[in-house]
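**Q** Structure below; questions to follow.
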Amino acid sequence: MEKIHLELTGVNMDFPTPQGSFRALENVNLKVKKGEFVSIIGHSGCGKSTVLNVIAGLYQATAGGVILNGKEVTDPGPERAMVFQNHSLLPWLSAYENVELAVNTIFKGKKSKAEMREWIEHNMQLVHMEHALHKRPDEISGGMKQRVGIARALAMEPEVLLLDEPFGALDALTRAHLQDSVMEIQADLGNTMMMVTHDVDEAVLLSDRIVMMTNGPAATVGEILEVNLPQPRDRIKVSESKQYNHCRHEVLRFLYERHGKKAEELTEDETIDETVVNSSLDDSEENPVVDFKESQQIKNKVA
Amino acid sequence: MSSQSIEFRTFNKGDFKAFFTSFATPILGVLIFLMLWGLLAPKVVTSLGAVPGPKQVYSQFLALVDEHKSERQSEVAFYERQEVRNAKKLANDPNAKIKVRRYAGNPTFFDQIITSVVTVMAGFLLASLIAIPIGIVAGLSKTVYAALNPLVQIFKPVSPLAWLPIVTMIVSATYVTSDDAWFDKSFLNSAITVLLCCLWPTIISTAVGVTNVSKDLQNVSHVLRLSWWTHVRKIVLPSAIPMIFTGLRLSLGIAWMVLIAAEMLSQNPGLGKFVWDEFQNGSSNSLGRIMVAVVVIGLIGFLLDRVMLYMQKKVSWDKSVALR
C-alpha cells in the first residue's frame, strides 16, 4: 500500500456566532494516498467545503489537525492549491496574467522569465485555453474561467489540488467537458486531488474514493466508498457498468435514506425525489434546486 | 442599389430620439432657465440696482475680458519701460546696480481663476497622497481602523472654515516668507484648508473599498502567500479603485466649494476674493460681475469633476461600468 500523503486527524471546527460557538465539524478523520482522487459529498451546509478550507489552511481547525507529507498545515500555501467555486480570477488581469501572478510569486528566483512563460503556456494548454490567453475574465465564458482557475492552481505545482465545487455553477455540457479535462490532467500528472461536490454522478465518475459526510451541525465522515473502476474513465462506457451504478446507488442511499436532511420530519409516504440529485445533466445550479425541493417538502409538512 | 440604400439610411426615429435626449433636451433646459432668469431678474431691485439678467452678465463678462487684456498690455508696457530705463542706466555707468521690479498691477478676474485652480489642485493632490495610503492601511487593519475611526468621524463634520484661523496662525508662526519664497502665505493657508477638508471623504471611501475586497480574492492571495506589497498592488488597489475615486470626487467637489469660501473669508487671492471685493465695491456693475464669477465657479467645478471621471475611466479596469 502506498504511503499516506495527507492525513486529517480528529478535526473539529467551531465558528463563533452571536449565539455562541457553532460546531461545524466534529472528529473528522481521513487518510489520502498520493495520487488519489477523493470526493467529499454531502448535503449543502454539512461542512464539506469547511473540510477543504481546513486542508487549504484558510481555516484553522479548533481541535485536531492536518498533516501533509509529515508536516502540519498551519497556513494557506501553494502546495495546497485551490480551485474555487466561482473561479476567483482577478477580473482586472487577463487569463495569462492571472496564471502569471501565481507563477511569478511561486517560482520567483527558481525559473527564468522564459521558463516561466513556457510554464504558464504549458498549463494553459493542459486546460485547453491556449486560444484565449489574453482575454480578460469578463470576456470568456464561465467554463473557460473555471479552466483558467484550474490552470492557475496547476501552475502552482501543488502536492494536493483542492477543488471546491468547481463545476457547480456551470451548465451540464460544460461541466462534462471540464470533468473530462480533470480526468485527463490527473492521468497525466498524477496529482492528489480532493474535490467537494454535491453531484453524485460527478463524484462516482471522477473519484477513487467518495467520502460521504453526515449532516451538520457537528458533521463528520459517515462512510467512505471505494470506486473500483479503472482510471481514466469514459463517461459513456462507465455509465453502463454494474460497479458504477452500484456506487451511485450506494451514495444516493447514504444521502437520502440514512442522512436525508430533516428525514425525521418527513412522513413515510413522502418519498424523496431522487431525480433531483440524479439529473446532473438538467440544471446548471443543482444546489439551490435541492435546497428548494427540500424546503418545499418541509413546508408541505408544516402545512 | 442595396449599398446605396444603406448609405442613404440616415435619420430614423430611434436616432432622432437619441439626439433629442442627449443633445436637444439639455440645451432646451438651459434656454428655459435663461429665459426665466431674463424675465424675473429685472423685477428684483436692490440697492445696487435691478438684479442683472443674462444679457447684462454677458456684457460684464466681456468687460472683464477687456480689463484682463488692458492689464496685460500695461504689464508689457511696464517691463518695456523698465528695460529701457535699465539700459540707459547701464550706458551711463556700466557698474550701476540694476533693479528688476515685478509688475504690481491688480490681479484680473482670469488671474484669480488661475490662482484658485492651482490652489485647489495643490491642496487636493497633497490630501490624496496622504489620504489614500491611510485609507488603505485602515481598510486592511482592523486595529488601525478602530484607532482612526473616532478621529475621522469627529473631524469630518468640521467645516474647514473653522480650521482657517488655526491654519493661518500656524502658517504665519512657522513659515517665514522672503521675497523669493516658493509659496505665498496666503496660498499655503488656502491650500492647507483645502487639504483638511479633502482628507476625510477619501480616507473613508478608500477604507471602505479596501475592506470590501472580495473574500475569494483574499483567499487567492493567501493561497499564493502574496507579500503585503504585492497583495496591495495586485488585489487591493484594483478592487478599491472605484471607491477611491468616489472619495476623490467627493473631496474635490467639497474642496472647490470650501476654497471659494475660504478666499472670501481670509481675503486670500482667488475667485473668492474677487467676489468679496466686488461685493464691497458696490458699483452698479458689481452684481453682474459676481454672477459671472458664480457661473465660472460652477463651470470649473463641473470641469474638475469631469477630469476626475476621465481619470477614473483611464485607471479603472472595469470599462463596462457606467460612470456618473
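Chains: A, B, ... in order of the C-alpha cells. Residues: from 1 per chain. Ligands: from 1, in order shown.
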Could you list, as a ChimeraX atom specification, the residues of chain B having an atom within 6 Å of chain A when counting only C-alpha atoms?

**A** /B:216-217,222-224,317

**Q** Save out the residues we just selected, all heavy atoms, as a short mmCIF file (atom, residue, chain, number, x, y, z; two decimals), in the first residue's frame.

**A**
```
data_model
loop_
_atom_site.label_atom_id
_atom_site.label_comp_id
_atom_site.auth_asym_id
_atom_site.auth_seq_id
_atom_site.Cartn_x
_atom_site.Cartn_y
_atom_site.Cartn_z
N ASP B 216 -13.06 35.90 -1.81
CA ASP B 216 -12.43 34.92 -2.69
C ASP B 216 -11.06 35.37 -3.13
O ASP B 216 -10.11 34.61 -3.14
CB ASP B 216 -13.31 34.68 -3.93
CG ASP B 216 -14.61 34.00 -3.57
OD1 ASP B 216 -14.55 33.02 -2.82
OD2 ASP B 216 -15.66 34.46 -4.03
N LEU B 217 -10.99 36.66 -3.51
CA LEU B 217 -9.69 37.17 -3.96
C LEU B 217 -8.70 37.20 -2.81
O LEU B 217 -7.51 36.97 -2.99
CB LEU B 217 -9.86 38.56 -4.58
CG LEU B 217 -10.76 38.63 -5.80
CD1 LEU B 217 -10.70 40.00 -6.45
CD2 LEU B 217 -10.38 37.56 -6.82
N HIS B 222 -4.03 34.57 -0.10
CA HIS B 222 -3.49 33.74 0.98
C HIS B 222 -2.84 32.49 0.45
O HIS B 222 -1.75 32.13 0.87
CB HIS B 222 -4.62 33.35 1.95
CG HIS B 222 -5.05 34.49 2.82
ND1 HIS B 222 -6.35 34.68 3.21
CD2 HIS B 222 -4.36 35.51 3.35
CE1 HIS B 222 -6.44 35.77 3.95
NE2 HIS B 222 -5.24 36.30 4.04
N VAL B 223 -3.56 31.82 -0.48
CA VAL B 223 -3.02 30.56 -1.02
C VAL B 223 -1.69 30.83 -1.72
O VAL B 223 -0.75 30.04 -1.62
CB VAL B 223 -4.04 29.89 -1.97
CG1 VAL B 223 -3.40 28.75 -2.72
CG2 VAL B 223 -5.24 29.40 -1.19
N LEU B 224 -1.62 31.96 -2.42
CA LEU B 224 -0.37 32.28 -3.13
C LEU B 224 0.69 32.83 -2.19
O LEU B 224 1.82 33.04 -2.60
CB LEU B 224 -0.65 33.32 -4.23
CG LEU B 224 -1.36 32.80 -5.46
CD1 LEU B 224 -1.74 33.94 -6.38
CD2 LEU B 224 -0.46 31.84 -6.20
N TRP B 317 -10.14 49.26 -14.27
CA TRP B 317 -10.08 48.10 -15.17
C TRP B 317 -11.44 47.81 -15.76
O TRP B 317 -11.56 47.23 -16.81
CB TRP B 317 -9.58 46.88 -14.41
CG TRP B 317 -10.37 46.63 -13.17
CD1 TRP B 317 -10.14 47.17 -11.93
CD2 TRP B 317 -11.54 45.82 -13.04
NE1 TRP B 317 -11.09 46.75 -11.05
CE2 TRP B 317 -11.95 45.92 -11.69
CE3 TRP B 317 -12.26 45.01 -13.91
CZ2 TRP B 317 -13.07 45.24 -11.21
CZ3 TRP B 317 -13.36 44.35 -13.44
CH2 TRP B 317 -13.76 44.47 -12.09
#
```

**Q** Need the shell around Gly38 in chain B: protein/DNA/RNA residues with any atom at most 9 Å away, counting only C-alpha atoms. Skip same-chain ones fewer than 4 positions apart. Format as a ChimeraX atom specification?

**A** /B:33-34,42,52-55

**Q** Excluding range 192-204 of chain B and its own-chain neighbours fewer than 2 positions away, which residues fall within 6 Å of it when counting only C-alpha atoms? Please give them as a PyMOL selection string.

**A** chain B and resi 123-124+127+131+135+156+160+188-190+206-207+247-248+251+255

**Q** If we count only C-alpha atoms, what is near range 236-247 of chain A at a cut-off of 9 Å, once residues fewer than 5 positions away on the same chain are taken out, given as a PyMOL selection string?

**A** chain A and resi 204-205+225-229+252

**Q** For N, CA, C and O atoms, I'd like the residues from the last selection saved as an mmCIF file, in the first residue's frame.

**A**
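After the write, again-v2.cif holds the following:
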```
data_model
loop_
_atom_site.group_PDB
_atom_site.id
_atom_site.type_symbol
_atom_site.label_atom_id
_atom_site.label_comp_id
_atom_site.auth_asym_id
_atom_site.auth_seq_id
_atom_site.Cartn_x
_atom_site.Cartn_y
_atom_site.Cartn_z
ATOM 1 N N VAL A 204 -18.914 9.869 -8.554
ATOM 2 C CA VAL A 204 -18.635 8.485 -8.934
ATOM 3 C C VAL A 204 -17.719 8.438 -10.158
ATOM 4 O O VAL A 204 -16.798 7.631 -10.228
ATOM 5 N N LEU A 205 -17.938 9.321 -11.082
ATOM 6 C CA LEU A 205 -17.163 9.314 -12.315
ATOM 7 C C LEU A 205 -15.682 9.623 -12.052
ATOM 8 O O LEU A 205 -14.797 8.993 -12.616
ATOM 9 N N LEU A 225 -16.641 5.287 0.394
ATOM 10 C CA LEU A 225 -16.948 4.297 -0.640
ATOM 11 C C LEU A 225 -15.805 4.235 -1.642
ATOM 12 O O LEU A 225 -15.362 5.258 -2.154
ATOM 13 N N GLU A 226 -15.324 3.009 -1.899
ATOM 14 C CA GLU A 226 -14.290 2.837 -2.926
ATOM 15 C C GLU A 226 -14.962 2.666 -4.276
ATOM 16 O O GLU A 226 -15.921 1.924 -4.401
ATOM 17 N N VAL A 227 -14.458 3.351 -5.272
ATOM 18 C CA VAL A 227 -14.989 3.172 -6.618
ATOM 19 C C VAL A 227 -13.957 2.371 -7.405
ATOM 20 O O VAL A 227 -12.929 2.903 -7.800
ATOM 21 N N ASN A 228 -14.216 1.080 -7.573
ATOM 22 C CA ASN A 228 -13.219 0.223 -8.209
ATOM 23 C C ASN A 228 -13.400 0.169 -9.712
ATOM 24 O O ASN A 228 -13.728 -0.850 -10.290
ATOM 25 N N LEU A 229 -13.197 1.306 -10.340
ATOM 26 C CA LEU A 229 -13.247 1.354 -11.801
ATOM 27 C C LEU A 229 -11.900 1.890 -12.274
ATOM 28 O O LEU A 229 -11.350 2.803 -11.655
ATOM 29 N N LEU A 252 -26.402 7.508 -3.193
ATOM 30 C CA LEU A 252 -27.760 8.035 -3.076
ATOM 31 C C LEU A 252 -28.430 7.507 -1.823
ATOM 32 O O LEU A 252 -29.134 8.236 -1.125
#
```

**Q** Between B:Trp182, B:Trp228, B:Phe109, B:Phe245, which one has atoms that come closest to Leu271 in chain B, using only C-alpha atoms?

**A**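 For Leu271 in chain B, the nearest of the candidates is B:Phe109.
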
**Q** Show me, as a ChimeraX atom specification, the residues that have an atom within 9 Å of range 157-172 of chain A when counting only C-alpha atoms, minus same-chain residues fewer than 2 positions from it.

**A** /A:6,34-35,48-49,52-53,55-56,68,78-87,142-143,146,150,153-155,174-179,191-199,280-287

**Q** Report the residues of range 39-260 of chain A whose backbone DSSP state falls under strand (DSSP E), written as a count of residues only.

**A** 35

**Q** What's around Lys273 in chain B at 12 Å? Count only C-alpha atoms, leave out sequence neighbours fewer than 6 positions away in its own chain, and write the answer as a list in words.

**A** Pro107, Thr108, Phe109, Asp111, Gln112, Ile113, Thr115, Ser116, Ser186, Ser190, Leu259, Ile260, Ala261, Ala262, Glu263, Met264, Leu265, Ser266, Gln267, Phe279, Gln280, Asn281, Ile290 and Ala293 of chain B

**Q** Going by DSSP on the backbone, which residues of range 37-159 of chain B come out as helix (DSSP H, G or I)? List them as a ChimeraX atom specification.

**A** /B:37-43,54-92,109-140,142-155

**Q** Need to verify the contact set: Ile300 in chain B, 12 Å, only C-alpha atoms, exclusion of same-chain residues closer than 5 positions in sequence. Can you return it as an MDAnalysis selection string?

**A** chainID B and resid 113:114 116:118 120:121 252:253 256:257 260 271 293:295 305:307

**Q** What is the CA of Phe19 in chain B to CA of Leu36 in chain B distance in Å?

**A**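 CA of Leu36 in chain B lies at a distance of 24.9 Å from CA of Phe19 in chain B.
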
**Q** If you measure from CA of Met183 in chain A to CA of Glu257 in chain A, what distance in Å do you get, rounded to one decimal?

**A**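 Distance between the two atoms: 29.9 Å.
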